[in-house]
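Trainee: Data: final-v4.cif, mmCIF, C-alpha atoms and all ligand atoms.
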data_start
loop_
_atom_site.label_atom_id
_atom_site.label_comp_id
_atom_site.auth_asym_id
_atom_site.auth_seq_id
_atom_site.Cartn_x
_atom_site.Cartn_y
_atom_site.Cartn_z
CA MET A 140 -20.54 8.60 -37.69
CA HIS A 141 -22.68 9.94 -40.57
CA GLU A 142 -25.71 11.91 -39.38
CA HIS A 143 -28.16 9.41 -40.93
CA SER A 144 -25.86 6.45 -40.53
CA ARG A 145 -27.47 3.41 -42.19
CA ARG A 146 -27.09 -0.13 -40.93
CA PRO A 147 -27.35 -3.48 -42.70
CA VAL A 148 -30.86 -4.97 -42.69
CA ASP A 149 -31.52 -6.88 -39.46
CA PHE A 150 -34.55 -9.20 -39.54
CA SER A 151 -34.21 -10.07 -35.86
CA ALA A 152 -35.72 -6.63 -35.12
CA ASP A 153 -38.99 -7.63 -36.91
CA PRO A 154 -41.91 -8.95 -34.83
CA GLN A 155 -41.52 -12.74 -34.69
CA PRO A 156 -44.15 -15.40 -33.91
CA GLU A 157 -43.66 -16.97 -30.50
CA ARG A 158 -41.11 -19.80 -30.84
CA GLU A 159 -43.46 -22.58 -29.64
CA THR A 160 -46.30 -21.43 -31.91
CA LEU A 161 -43.89 -21.24 -34.82
CA SER A 162 -42.47 -24.72 -34.35
CA LYS A 163 -45.96 -26.25 -33.89
CA ALA A 164 -47.21 -24.58 -37.08
CA VAL A 165 -44.12 -25.63 -39.06
CA LYS A 166 -44.46 -29.24 -37.85
CA ARG A 167 -48.14 -29.39 -38.88
CA ILE A 168 -47.35 -27.81 -42.27
CA GLN A 169 -44.71 -30.51 -42.88
CA GLN A 170 -47.26 -33.24 -41.98
CA LEU A 171 -49.89 -31.74 -44.29
CA LYS A 172 -47.32 -31.43 -47.05
CA SER A 173 -46.75 -35.15 -47.07
CA GLU A 174 -50.48 -35.98 -46.62
CA LEU A 175 -51.38 -33.80 -49.61
CA ASN A 176 -48.28 -34.64 -51.67
CA ALA A 177 -47.74 -30.89 -51.84
CA ILE A 178 -44.84 -28.66 -52.77
CA ILE A 179 -44.42 -25.19 -51.25
CA LEU A 180 -43.17 -22.55 -53.69
CA ALA A 181 -42.18 -19.25 -52.07
CA HIS A 182 -41.33 -15.97 -53.77
CA ASN A 183 -38.15 -14.11 -52.78
CA TYR A 184 -40.30 -11.37 -51.20
CA MET A 185 -41.86 -13.60 -48.53
CA VAL A 186 -41.16 -12.91 -44.86
CA PRO A 187 -38.39 -15.09 -43.34
CA PRO A 188 -40.60 -17.82 -41.74
CA LEU A 189 -42.32 -18.37 -45.12
CA GLN A 190 -39.04 -18.55 -47.04
CA ASP A 191 -37.89 -21.08 -44.42
CA ILE A 192 -40.82 -23.43 -45.14
CA GLY A 193 -40.48 -23.14 -48.94
CA ASP A 194 -39.32 -26.25 -50.80
CA PHE A 195 -38.13 -23.80 -53.37
CA VAL A 196 -37.60 -20.03 -53.09
CA GLY A 197 -37.11 -17.95 -56.22
CA ASP A 198 -38.27 -15.29 -58.65
CA SER A 199 -41.42 -15.57 -60.75
CA LEU A 200 -39.69 -17.24 -63.71
CA GLU A 201 -37.93 -19.80 -61.49
CA LEU A 202 -41.19 -20.51 -59.64
CA ALA A 203 -43.14 -20.89 -62.91
CA ARG A 204 -40.57 -23.44 -64.10
CA LYS A 205 -40.85 -25.36 -60.81
CA ALA A 206 -44.67 -25.29 -61.02
CA ALA A 207 -44.50 -26.71 -64.55
CA GLU A 208 -42.13 -29.55 -63.69
CA THR A 209 -43.28 -30.66 -60.23
CA THR A 210 -44.83 -34.09 -59.75
CA ALA A 211 -46.66 -32.94 -56.59
CA ASP A 212 -50.49 -33.06 -56.62
CA VAL A 213 -50.85 -29.75 -54.79
CA ILE A 214 -48.88 -26.52 -55.17
CA VAL A 215 -48.98 -24.19 -52.17
CA PHE A 216 -47.99 -20.86 -53.67
CA LEU A 217 -46.61 -18.18 -51.36
CA GLY A 218 -46.64 -15.00 -53.40
CA VAL A 219 -49.27 -12.88 -55.13
CA THR A 220 -52.23 -14.17 -57.14
CA PHE A 221 -50.81 -13.66 -60.65
CA MET A 222 -48.04 -16.10 -59.66
CA GLY A 223 -50.55 -18.71 -58.47
CA GLU A 224 -52.49 -18.14 -61.69
CA THR A 225 -49.35 -18.78 -63.76
CA ALA A 226 -48.85 -22.05 -61.87
CA LYS A 227 -52.48 -23.04 -62.59
CA ILE A 228 -52.18 -22.02 -66.26
CA LEU A 229 -49.21 -24.37 -66.58
CA SER A 230 -50.54 -27.20 -64.40
CA PRO A 231 -54.36 -27.30 -64.60
CA GLN A 232 -54.53 -30.83 -63.18
CA LYS A 233 -52.89 -29.69 -59.94
CA GLN A 234 -54.61 -27.92 -57.11
CA VAL A 235 -52.98 -24.51 -56.53
CA LEU A 236 -53.57 -23.25 -53.01
CA MET A 237 -52.82 -19.69 -51.92
CA PRO A 238 -53.07 -18.53 -48.32
CA ARG A 239 -54.63 -15.18 -49.26
CA LEU A 240 -56.51 -14.49 -52.51
CA GLU A 241 -56.53 -10.81 -51.49
CA ALA A 242 -52.80 -10.74 -52.22
CA ARG A 243 -53.36 -9.15 -55.63
CA CYS A 244 -50.45 -7.21 -57.11
CA PRO A 245 -51.58 -3.60 -57.64
CA MET A 246 -49.47 -3.31 -60.80
CA ALA A 247 -51.25 -6.32 -62.32
CA GLU A 248 -54.59 -4.57 -61.69
CA MET A 249 -53.48 -1.42 -63.52
CA VAL A 250 -53.93 -2.78 -67.06
CA ARG A 251 -57.14 -4.61 -67.98
CA VAL A 252 -58.26 -6.32 -71.19
CA PRO A 253 -60.01 -3.22 -72.74
CA GLN A 254 -56.78 -1.20 -72.46
CA VAL A 255 -54.78 -3.97 -74.13
CA LEU A 256 -57.36 -4.23 -76.94
CA LYS A 257 -57.18 -0.46 -77.40
CA LEU A 258 -53.38 -0.62 -77.70
CA LYS A 259 -53.76 -3.46 -80.22
CA ASP A 260 -56.12 -1.28 -82.27
CA GLN A 261 -53.66 1.59 -82.10
CA TYR A 262 -50.62 -0.52 -83.11
CA PRO A 263 -52.07 -3.42 -85.13
CA SER A 264 -48.73 -4.79 -86.31
CA ALA A 265 -47.14 -4.86 -82.83
CA PRO A 266 -47.33 -8.09 -80.79
CA VAL A 267 -48.31 -7.75 -77.12
CA VAL A 268 -45.65 -8.71 -74.57
CA ALA A 269 -47.30 -9.20 -71.17
CA TYR A 270 -45.14 -9.06 -68.07
CA VAL A 271 -46.19 -12.01 -65.87
CA ASN A 272 -47.47 -9.39 -63.41
CA THR A 273 -50.80 -9.40 -65.26
CA LEU A 274 -54.21 -11.00 -64.75
CA ALA A 275 -54.81 -14.32 -66.56
CA GLU A 276 -57.35 -12.65 -68.87
CA VAL A 277 -54.73 -10.09 -69.95
CA LYS A 278 -52.28 -12.90 -70.70
CA ALA A 279 -55.06 -14.52 -72.76
CA VAL A 280 -55.16 -11.52 -75.15
CA SER A 281 -51.37 -11.21 -75.32
CA ASP A 282 -48.90 -12.85 -77.70
CA ILE A 283 -46.12 -13.74 -75.30
CA CYS A 284 -45.29 -13.31 -71.61
CA CYS A 285 -42.04 -12.23 -70.00
CA THR A 286 -40.64 -11.78 -66.52
CA SER A 287 -38.10 -9.23 -65.33
CA ALA A 288 -35.50 -12.01 -65.70
CA ASN A 289 -36.08 -12.54 -69.43
CA ALA A 290 -37.80 -9.36 -70.74
CA LEU A 291 -34.80 -8.34 -72.89
CA GLN A 292 -34.48 -11.83 -74.40
CA ILE A 293 -38.21 -12.12 -75.08
CA VAL A 294 -38.40 -8.78 -76.89
CA ALA A 295 -35.21 -9.62 -78.84
CA SER A 296 -36.71 -12.99 -79.85
CA LEU A 297 -39.61 -11.31 -81.70
CA PRO A 298 -39.17 -10.58 -85.42
CA ASP A 299 -41.24 -7.36 -85.23
CA ASP A 300 -39.85 -3.80 -85.21
CA GLU A 301 -42.36 -2.63 -82.60
CA VAL A 302 -44.01 -4.25 -79.59
CA ILE A 303 -46.69 -3.37 -77.08
CA PHE A 304 -45.44 -3.88 -73.53
CA VAL A 305 -47.86 -4.15 -70.56
CA PRO A 306 -48.30 -3.25 -67.74
CA ASP A 307 -45.04 -1.89 -66.28
CA ARG A 308 -43.82 1.37 -67.78
CA SER A 309 -40.53 1.15 -65.86
CA LEU A 310 -39.66 -2.32 -67.14
CA GLY A 311 -40.85 -1.21 -70.60
CA ALA A 312 -38.54 1.82 -70.48
CA TYR A 313 -35.66 -0.42 -69.32
CA VAL A 314 -36.27 -2.75 -72.28
CA GLN A 315 -36.35 0.29 -74.58
CA ARG A 316 -32.82 1.20 -73.44
CA HIS A 317 -31.60 -2.15 -74.79
CA THR A 318 -33.40 -2.46 -78.10
CA GLU A 319 -33.79 -0.55 -81.35
CA LYS A 320 -37.37 -1.77 -81.62
CA THR A 321 -40.09 0.71 -80.69
CA ILE A 322 -41.74 -0.17 -77.38
CA HIS A 323 -45.28 1.10 -76.89
CA PHE A 324 -45.68 0.69 -73.17
CA ALA A 325 -48.65 0.99 -70.87
CA HIS A 326 -48.58 3.10 -67.72
CA GLY A 327 -48.65 0.62 -64.87
CA TYR A 328 -45.96 0.68 -62.21
CA CYS A 329 -44.95 -1.04 -59.00
CA PRO A 330 -45.77 1.21 -56.03
CA THR A 331 -43.17 -0.59 -53.91
CA HIS A 332 -40.22 -0.19 -56.31
CA HIS A 333 -41.27 3.38 -57.03
CA ARG A 334 -40.76 4.17 -53.36
CA ILE A 335 -37.01 3.71 -53.87
CA ARG A 336 -35.60 7.21 -54.35
CA VAL A 337 -32.33 8.02 -56.04
CA GLU A 338 -31.49 10.29 -53.07
CA ASP A 339 -31.57 7.22 -50.78
CA ILE A 340 -29.21 5.34 -53.09
CA MET A 341 -26.85 8.35 -53.28
CA GLU A 342 -26.87 8.71 -49.50
CA LEU A 343 -25.88 5.06 -49.08
CA LYS A 344 -23.21 5.41 -51.78
CA ALA A 345 -21.79 8.44 -49.94
CA GLN A 346 -21.70 6.50 -46.69
CA TYR A 347 -20.34 3.28 -48.26
CA PRO A 348 -18.45 4.17 -51.45
CA ASP A 349 -17.14 0.60 -51.58
CA ALA A 350 -20.68 -0.91 -51.82
CA CYS A 351 -22.06 -2.44 -55.00
CA VAL A 352 -25.56 -1.20 -55.94
CA LEU A 353 -27.88 -3.81 -57.48
CA VAL A 354 -31.43 -2.81 -58.40
CA HIS A 355 -34.58 -4.26 -59.93
CA PRO A 356 -35.79 -2.93 -63.33
CA GLU A 357 -39.20 -2.02 -61.84
CA CYS A 358 -37.40 0.97 -60.25
CA THR A 359 -37.55 4.42 -61.85
CA GLY A 360 -35.00 5.41 -64.51
CA ASP A 361 -32.93 7.68 -62.22
CA VAL A 362 -32.50 4.79 -59.76
CA LEU A 363 -31.41 2.48 -62.60
CA ASP A 364 -28.86 5.12 -63.66
CA ALA A 365 -27.37 5.17 -60.16
CA ALA A 366 -26.97 1.37 -60.02
CA ASP A 367 -23.91 -0.73 -60.80
CA ARG A 368 -26.09 -3.51 -62.17
CA ILE A 369 -29.77 -4.18 -62.86
CA GLY A 370 -31.55 -7.53 -62.53
CA SER A 371 -34.57 -9.54 -61.47
CA THR A 372 -34.52 -10.90 -57.92
CA GLY A 373 -33.07 -14.18 -59.24
CA GLY A 374 -30.58 -12.12 -61.26
CA ILE A 375 -29.54 -10.17 -58.14
CA VAL A 376 -28.95 -13.48 -56.30
CA ARG A 377 -26.64 -14.58 -59.13
CA MET A 378 -24.89 -11.18 -59.27
CA VAL A 379 -24.03 -11.28 -55.55
CA GLU A 380 -22.60 -14.78 -56.04
CA GLU A 381 -20.53 -13.55 -58.95
CA LEU A 382 -19.32 -10.36 -57.20
CA LYS A 383 -18.84 -11.71 -53.68
CA ASP A 384 -15.03 -11.77 -53.89
CA LYS A 385 -14.95 -8.15 -55.01
CA TYR A 386 -17.43 -6.55 -52.59
CA GLN A 387 -18.21 -6.80 -48.89
CA ARG A 388 -21.27 -4.55 -49.00
CA PHE A 389 -24.29 -4.53 -51.29
CA VAL A 390 -27.11 -1.99 -51.60
CA ILE A 391 -30.16 -3.92 -52.81
CA GLY A 392 -32.81 -1.92 -54.67
CA THR A 393 -35.75 -4.25 -54.42
CA GLU A 394 -38.30 -5.55 -51.88
CA LYS A 395 -36.88 -6.25 -48.41
CA GLY A 396 -37.64 -10.00 -48.49
CA LEU A 397 -34.84 -10.66 -50.98
CA ILE A 398 -32.31 -9.50 -48.41
CA TYR A 399 -33.23 -12.39 -46.11
CA ARG A 400 -32.49 -14.83 -48.96
CA LEU A 401 -29.16 -13.09 -49.62
CA GLN A 402 -28.24 -13.17 -45.94
CA GLN A 403 -28.89 -16.92 -45.83
CA LEU A 404 -26.64 -17.43 -48.84
CA HIS A 405 -23.90 -14.99 -47.75
CA PRO A 406 -23.93 -14.56 -43.97
CA ASP A 407 -20.52 -12.84 -44.05
CA LYS A 408 -21.72 -9.95 -46.28
CA GLU A 409 -23.59 -6.74 -45.43
CA PHE A 410 -26.84 -5.93 -47.24
CA TYR A 411 -28.46 -2.50 -47.17
CA LEU A 412 -31.96 -1.46 -48.20
CA PRO A 413 -32.30 2.07 -49.70
CA SER A 414 -35.12 2.82 -47.26
CA ASP A 415 -37.33 1.08 -44.71
CA VAL A 416 -40.39 1.54 -46.92
CA VAL A 417 -39.32 -0.91 -49.64
CA VAL A 418 -41.78 -3.47 -48.36
CA CYS A 419 -44.62 -4.75 -50.55
CA PRO A 420 -47.82 -4.76 -48.43
CA THR A 421 -49.43 -7.22 -50.85
CA MET A 422 -46.66 -9.81 -50.54
CA LYS A 423 -46.80 -9.35 -46.77
CA LYS A 424 -50.47 -10.41 -46.64
CA ASN A 425 -49.10 -13.96 -46.57
CA ARG A 426 -48.53 -15.20 -43.03
CA LEU A 427 -47.64 -18.54 -41.50
CA GLU A 428 -51.05 -19.06 -39.85
CA TYR A 429 -52.80 -18.48 -43.19
CA VAL A 430 -50.52 -21.04 -44.87
CA LEU A 431 -51.49 -23.56 -42.23
CA ASP A 432 -55.22 -22.75 -42.62
CA CYS A 433 -55.14 -23.06 -46.40
CA MET A 434 -53.40 -26.44 -46.20
CA GLU A 435 -55.80 -27.71 -43.49
CA ASN A 436 -58.85 -26.56 -45.48
CA ARG A 437 -57.45 -27.14 -48.99
CA ALA A 438 -58.73 -23.65 -49.78
CA PRO A 439 -58.62 -20.99 -51.05
CA GLU A 440 -57.49 -22.24 -54.41
CA ILE A 441 -56.81 -20.62 -57.76
CA GLU A 442 -59.43 -21.25 -60.43
CA ILE A 443 -59.33 -19.92 -63.98
CA PRO A 444 -62.06 -20.37 -66.64
CA GLU A 445 -60.75 -22.98 -69.08
CA GLY A 446 -61.15 -20.73 -72.16
CA VAL A 447 -59.00 -18.04 -70.54
CA ARG A 448 -56.46 -20.58 -69.27
CA VAL A 449 -55.91 -22.18 -72.66
CA LYS A 450 -55.33 -18.83 -74.37
CA ALA A 451 -53.08 -17.59 -71.55
CA LEU A 452 -51.13 -20.84 -71.73
CA GLU A 453 -50.09 -20.07 -75.32
CA ALA A 454 -48.47 -16.80 -74.19
CA VAL A 455 -46.79 -18.44 -71.17
CA GLU A 456 -45.53 -21.42 -73.18
CA LYS A 457 -44.10 -19.16 -75.86
CA MET A 458 -42.12 -17.44 -73.12
CA MET A 459 -40.92 -20.73 -71.63
CA ALA A 460 -39.74 -21.85 -75.09
CA VAL A 461 -37.36 -18.87 -75.43
CA LYS A 462 -33.99 -20.04 -74.11
S1 LIG A 501 -43.44 -5.78 -55.34
FE1 LIG A 501 -44.57 -4.54 -56.85
S2 LIG A 501 -44.85 -5.86 -58.60
FE2 LIG A 501 -44.30 -7.18 -56.86
S3 LIG A 501 -46.28 -7.82 -55.98
FE3 LIG A 501 -45.63 -5.98 -54.88
S4 LIG A 501 -46.65 -4.31 -55.99
FE4 LIG A 501 -46.69 -6.09 -57.35
#
Please, can you express the file's structure as structure tokens?
Mentor:
Amino acid sequence: MHEHSRRPVDFSADPQPERETLSKAVKRIQQLKSELNAIILAHNYMVPPLQDIGDFVGDSLELARKAAETTADVIVFLGVTFMGETAKILSPQKQVLMPRLEARCPMAEMVRVPQVLKLKDQYPSAPVVAYVNTLAEVKAVSDICCTSANALQIVASLPDDEVIFVPDRSLGAYVQRHTEKTIHFAHGYCPTHHRIRVEDIMELKAQYPDACVLVHPECTGDVLDAADRIGSTGGIVRMVEELKDKYQRFVIGTEKGLIYRLQQLHPDKEFYLPSDVVVCPTMKKNRLEYVLDCMENRAPEIEIPEGVRVKALEAVEKMMAVK
């Protein structure tokens, strides 16, 4: 066997809540869900017990669409705060609960309003495309939002020859590879995706030459170059579905949580993570007991000043209108 032989991801090795505690908590969450007329939206990076209680599990674009169309009175959002904010921007009449308001994406904190205004001054004819991984106030000074699932389409939909792209420099550089427009990007990045090293991908490819490598565009350029395909988490789910007859093994270059989703959908396939450190500590601040607490207490909830919300809504709605 290879000296550093790598195995498929095995969630059963993770610390699990005691079975009785887990089933009690899940039962109470289900009761509260019907009492509150709530829907639970869970991001693909949630730990397994939280994906299991989600009414819907998906990427940020899929979750934003669900938040916009749900008839529930309360949205319990299991993800990071910019996602809960997007739900609130779209559905101000609904209460948006989040188990942990400290779950703030570090990339979203890297670009603030003054930096965006400075870029606008520097490139006055370039519209601002804000990745959804931004604070609501940054969306409010942007022209249109995008997610990793639709960034290429959004930039292509704009008539301008140059755009300002915030905050992710890796996603901005990926978009630049696919467009003749000039992209002026900011210098934010995802610390979790930047922990994926091309050496780890190459090592897995050497061990499993028959594996298909699928990575997220928040990864660095050398990792993207080593991949067979690049996509958002929702895109990776669709790619595995499309390629399942051709491949038995997949190397997944994104946060570990997505592998649980893929294992549920394709229990006969093997999924490998480039390294054990591709875990987002912010996403992992969400835990089952906190979900239960936030539903019992109907707090904490996402609140956005109305002036900011209305302006941010324009940028989010423009994104949603691009098919
Ligand atoms: S995975 Fe990266 S972009 Fe997503 S919440 Fe974590 S730090 Fe932010």
Trainee: Do you know which residues are at most 12 Å from Leu161 in chain A counting all atoms listed in the file, after dropping those on the same chain fewer than 5 positions away, and could you put them as an MDAnalysis selection string?
Mentor: chainID A and resid 155:156 166:168 187:189 191:192 426:428 431
Trainee: Return as a short mmCIF file (atom, residue, chain, number, x, y, z; two decimals) with C-alpha atoms, in the coordinates of the input every polymer residue, whether protein, DNA or RNA, with at least one atom no more than 9 Å from an atom of ligand LIG 501 (chain A); count all atoms listed in the file.
Mentor:
data_model
loop_
_atom_site.label_atom_id
_atom_site.label_comp_id
_atom_site.auth_asym_id
_atom_site.auth_seq_id
_atom_site.Cartn_x
_atom_site.Cartn_y
_atom_site.Cartn_z
CA TYR A 184 -40.30 -11.37 -51.20
CA GLY A 218 -46.64 -15.00 -53.40
CA VAL A 219 -49.27 -12.88 -55.13
CA THR A 220 -52.23 -14.17 -57.14
CA PHE A 221 -50.81 -13.66 -60.65
CA ALA A 242 -52.80 -10.74 -52.22
CA ARG A 243 -53.36 -9.15 -55.63
CA CYS A 244 -50.45 -7.21 -57.11
CA PRO A 245 -51.58 -3.60 -57.64
CA MET A 246 -49.47 -3.31 -60.80
CA ALA A 247 -51.25 -6.32 -62.32
CA ASN A 272 -47.47 -9.39 -63.41
CA ASP A 307 -45.04 -1.89 -66.28
CA TYR A 328 -45.96 0.68 -62.21
CA CYS A 329 -44.95 -1.04 -59.00
CA PRO A 330 -45.77 1.21 -56.03
CA THR A 331 -43.17 -0.59 -53.91
CA HIS A 332 -40.22 -0.19 -56.31
CA HIS A 333 -41.27 3.38 -57.03
CA GLU A 357 -39.20 -2.02 -61.84
CA THR A 393 -35.75 -4.25 -54.42
CA GLU A 394 -38.30 -5.55 -51.88
CA VAL A 417 -39.32 -0.91 -49.64
CA VAL A 418 -41.78 -3.47 -48.36
CA CYS A 419 -44.62 -4.75 -50.55
CA PRO A 420 -47.82 -4.76 -48.43
CA THR A 421 -49.43 -7.22 -50.85
CA MET A 422 -46.66 -9.81 -50.54
CA LYS A 423 -46.80 -9.35 -46.77
#
Trainee: Using all atoms listed in the file, what residues lie at most 9 Å away from (-57.5, -12.7, -68.4) (file coordinates), given as a PyMOL selection string?
Mentor: chain A and resi 251-252+273-280+443+447-448+450-451
Trainee: Looking at A:Pro238, A:Pro306, A:Gly374, A:Pro147, which one is nearest to Ser199 in chain A, with distances taken over only C-alpha atoms?
Mentor: A:Gly374
Trainee: When distances are computed from all atoms listed in the file, which of A:Phe195, A:Phe389, A:Phe216, A:Phe324 shows the smallest separation from Asn425 in chain A?
Mentor: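 Nearest candidate to Asn425 in chain A out of A:Phe195, A:Phe389, A:Phe216, A:Phe324: A:Phe216.
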Trainee: What does the distance from CA of Val354 in chain A to CA of Val215 in chain A come to in Å, to one decimal?
Mentor: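 Computing the Euclidean distance for CA of Val354 in chain A and CA of Val215 in chain A yields 28.4 Å.
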Trainee: Choose the residue, out of A:Pro444, A:Gly392, A:Gly373, A:Gly327, that has the smallest atom-to-atom separation from Cys358 in chain A; count only C-alpha atoms.
Mentor: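 That would be A:Gly392, the residue with the smallest distance to Cys358 in chain A.
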Trainee: Mind pulling up the distance from CA of Pro348 in chain A to CA of Val416 in chain A?
Mentor: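 The value is 22.6 Å.
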